[in-house]
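Asker: Before I ask anything, let me first share the structure, which is written out below as structure tokens.
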Amino acid sequence: MIKLAAEDFQRFSAFVYEQCGINLTPSKRIMLEARLQKRLIALNMSSFKEYYKHVTSLQGKEELVHMLDSVATNKTDFFREPRHFEFIKNTVVPEFRQSNSQRSLRIWSSACSTGEEPYTTAMVLQETIDEVGPLDYEILATDISIKVLKEAANGVYREDRITDIPENLRRKYLLRSKDPQKGLVRVVPLLRKKVSYQRMNLMDREYKINTIQDVILCRNVLIYFDKQTQQRVITKLIQCLKPGGYLLIGHSESLFEMHLPLKQLMPTTFQKTV
Ligand SMILES: C[S@@+](CC[C@H](N)C(=O)[O-])C[C@H]1O[C@@H](n2cnc3c(N)ncnc32)[C@H](O)[C@@H]1O
């Protein structure tokens with residue numbers, strides 16, 4: 001096993017920070033060593049120095065995507081932090097219906113991981129259609145990792161991953177694999193069609209989103225950034241939000257002392273004021 005020396009770790013962590021804003025503290029050295037080890041093996045390289053030289057070079061652009069894939073933490077769940085989905089159902093949708101808007105309701109899951117967040121949103125919106133009547137909606141789902149984006153677009157999950165989905169929604173929106181031994185389910189095409197996926201780095205100078213959003217979910221990703229990066233990310237996200245639109249962040253995240261044009265409605269729910 002190849003060891004990641006402290007000085008190499010420092011160089012990698014500075015590079016990761018510059019590329020995707022993730023702040024790797026020294027306690028993450030063993031984790032990074034284990035994850036990058038796999039990349040060294042895949043590329044038949046024998047030292048972290050050689051790998052660093054490659055991944056920071058022009059020819060290493062493709063490898064950079066793999067490196068960032070292996071650094072990011074992708075933990076997610078269906079109906080994670082359920083109050084946000086209740087808020088979408090009970091506040092966002094009724095307001096949108098009342099506005100008699102001619103366009104569709106737009107929701108952006110800006111660090112979507114393997115898709116549980118956008119599909120939960122789609123299930124909740126689809127349910128309001130069954131309960132109240134037609135609603136046009138579109139969900140944009142983005143993440144820095146192409147690995148998770150592929151899984152999300154595929155929409156296939158192990159059965160042990162779906163326990164937080166209410167039984168009636170499981171029956172409506174998930175299809176069981178023909179081979180029960182596999183223990184897999186797939187999100188129904190109706191919902192998969194409603195979500196479009198795109199690779200996007202929240203560190204990008206500006207976000208290439210063509211449409212103004214009604215709601216932006218930016219949950220459980222800010223936690224990996226330092227305060228300065230968080231403020232920059234949120235400032236750019238708000239530019240993609242309509243006045244009066246909503247920003248939802250993770251329960252362990254905060255916008256304390258950021259002085260942004262946002263009104264706090266609940267601990268992790270904000271409304272754009274201008
Ligand atoms: C812990 S998951 C959160 C998933 C989901 N939002 C939730 O709350 O369950 C964090 C996600 O952020 C993504 N991520 C990390 N840095 C990013 C960046 N700079 N730009 C976009 N996505 C990033 C990771 O790839 C990962 O999928």
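How things are named: the first chain in the structure tokens is A, the next is B, and so on; residues count from 1 in each chain; ligands count from 1 in the order shown.
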If we count only C-alpha atoms and set the cut-off at 9 Å, which residues sit around Ile223 of chain A, ignoring sequence neighbours fewer than 4 positions away in its own chain? Please answer as a tab-separated table (two decimals) with N, CA and C atoms, in the first residue's frame.

Answerer:
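Contents of the output file result-v5.tsv:
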```tsv
chain	number	residue	atom	x	y	z
A	22	ILE	N	-14.15	21.94	-1.44
A	22	ILE	CA	-14.20	21.03	-0.29
A	22	ILE	C	-12.93	21.23	0.56
A	219	ARG	N	-28.55	21.36	-0.11
A	219	ARG	CA	-28.59	20.73	1.21
A	219	ARG	C	-27.41	19.77	1.40
A	230	GLN	N	-18.90	29.24	1.23
A	230	GLN	CA	-20.36	29.13	1.41
A	230	GLN	C	-21.04	30.42	0.96
A	250	GLY	N	-29.27	22.41	4.33
A	250	GLY	CA	-29.31	21.24	5.23
A	250	GLY	C	-29.43	21.64	6.69
A	252	SER	N	-27.79	20.90	9.29
A	252	SER	CA	-26.58	21.23	10.05
A	252	SER	C	-25.82	22.40	9.42
A	253	GLU	N	-26.49	23.10	8.51
A	253	GLU	CA	-25.84	24.23	7.84
A	253	GLU	C	-26.50	25.55	8.29
A	254	SER	N	-25.76	26.64	8.12
A	254	SER	CA	-26.32	27.92	8.57
A	254	SER	C	-25.82	29.06	7.68
```

Asker: Counting only C-alpha atoms and all ligand atoms, what residues are within 7 Å of ligand 1, given as a PyMOL selection string?

Answerer: chain A and resi 20-22+69+72-77+80+109-114+117+142-145+148+200-203+218-221+250

Asker: Export C-alpha atoms of the chosen residues as a compact mmCIF listing (two decimals), in the first residue's frame?

Answerer:
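part-v1.txt, written as the output of this step:
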```txt
# COMPACT_ATOMS: atom_id res chain seq x y z
CA CYS A 20 -14.44 22.19 -5.72
CA GLY A 21 -14.38 24.14 -2.47
CA ILE A 22 -14.20 21.03 -0.29
CA ASP A 69 -15.69 11.87 -7.71
CA ALA A 72 -16.93 13.91 -2.51
CA THR A 73 -19.21 12.38 0.12
CA ASN A 74 -22.48 11.34 -1.46
CA LYS A 75 -24.58 10.26 1.50
CA THR A 76 -28.26 10.94 0.86
CA ASP A 77 -31.72 9.47 1.42
CA ARG A 80 -34.22 13.30 4.02
CA SER A 109 -31.54 20.29 -6.59
CA SER A 110 -28.03 21.74 -6.73
CA ALA A 111 -26.07 18.89 -5.11
CA CYS A 112 -28.37 16.04 -6.01
CA SER A 113 -26.04 13.09 -5.34
CA THR A 114 -27.62 9.79 -6.49
CA GLU A 117 -33.58 14.37 -3.38
CA THR A 142 -26.92 18.95 -10.72
CA ASP A 143 -23.82 17.65 -8.99
CA ILE A 144 -20.07 17.80 -9.48
CA SER A 145 -19.77 14.02 -9.63
CA VAL A 148 -23.59 9.95 -8.94
CA MET A 200 -22.21 21.45 -12.39
CA ASN A 201 -19.54 22.59 -9.99
CA LEU A 202 -20.82 25.02 -7.37
CA MET A 203 -17.36 26.60 -7.54
CA CYS A 218 -28.64 23.27 -1.58
CA ARG A 219 -28.59 20.73 1.21
CA ASN A 220 -25.73 18.99 2.96
CA VAL A 221 -23.00 20.28 0.70
CA GLY A 250 -29.31 21.24 5.23
```

Asker: May I ask for the distance between atom CA of Leu64 of chain A and atom CA of Tyr207 of chain A, given in Å to one decimal place?

Answerer: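 Computed distance, atom CA of Leu64 of chain A to atom CA of Tyr207 of chain A, equals 19.7 Å.
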
Asker: Select from segment 32-168 of chain A everything DSSP, run on the backbone, classes as alpha helix (DSSP H), then give the selection as a VMD selection string.

Answerer: chain A and resid 32 to 42 48 to 55 61 to 71 83 to 87 93 to 98 116 to 131 146 to 154 167 to 168

Asker: Write out as JSON, numbers by chain the residues lying within 8 Å of Asp164 of chain A, counting only C-alpha atoms and excluding same-chain residues fewer than 2 positions away.

Answerer: {"A": [77, 78, 79, 161, 162, 166]}

Asker: Mind writing the picked residues with C-alpha atoms as a short mmCIF file (atom, residue, chain, number, x, y, z; two decimals), in the first residue's frame?

Answerer:
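Output file again-v3.cif follows:
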```cif
data_model
loop_
_atom_site.label_atom_id
_atom_site.label_comp_id
_atom_site.auth_asym_id
_atom_site.auth_seq_id
_atom_site.Cartn_x
_atom_site.Cartn_y
_atom_site.Cartn_z
CA ASP A 77 -31.72 9.47 1.42
CA PHE A 78 -35.25 9.64 0.11
CA PHE A 79 -37.33 12.07 2.20
CA ARG A 161 -32.59 2.39 0.38
CA ILE A 162 -36.31 3.02 -0.01
CA PRO A 166 -44.26 5.89 2.42
#
```

Asker: Using only C-alpha atoms for the distances, tell me which of A:Thr211, A:Gln264, A:Ser99, A:Asn168 is nearest to Met123 of chain A.

Answerer: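 The closest residue to Met123 of chain A is A:Asn168.
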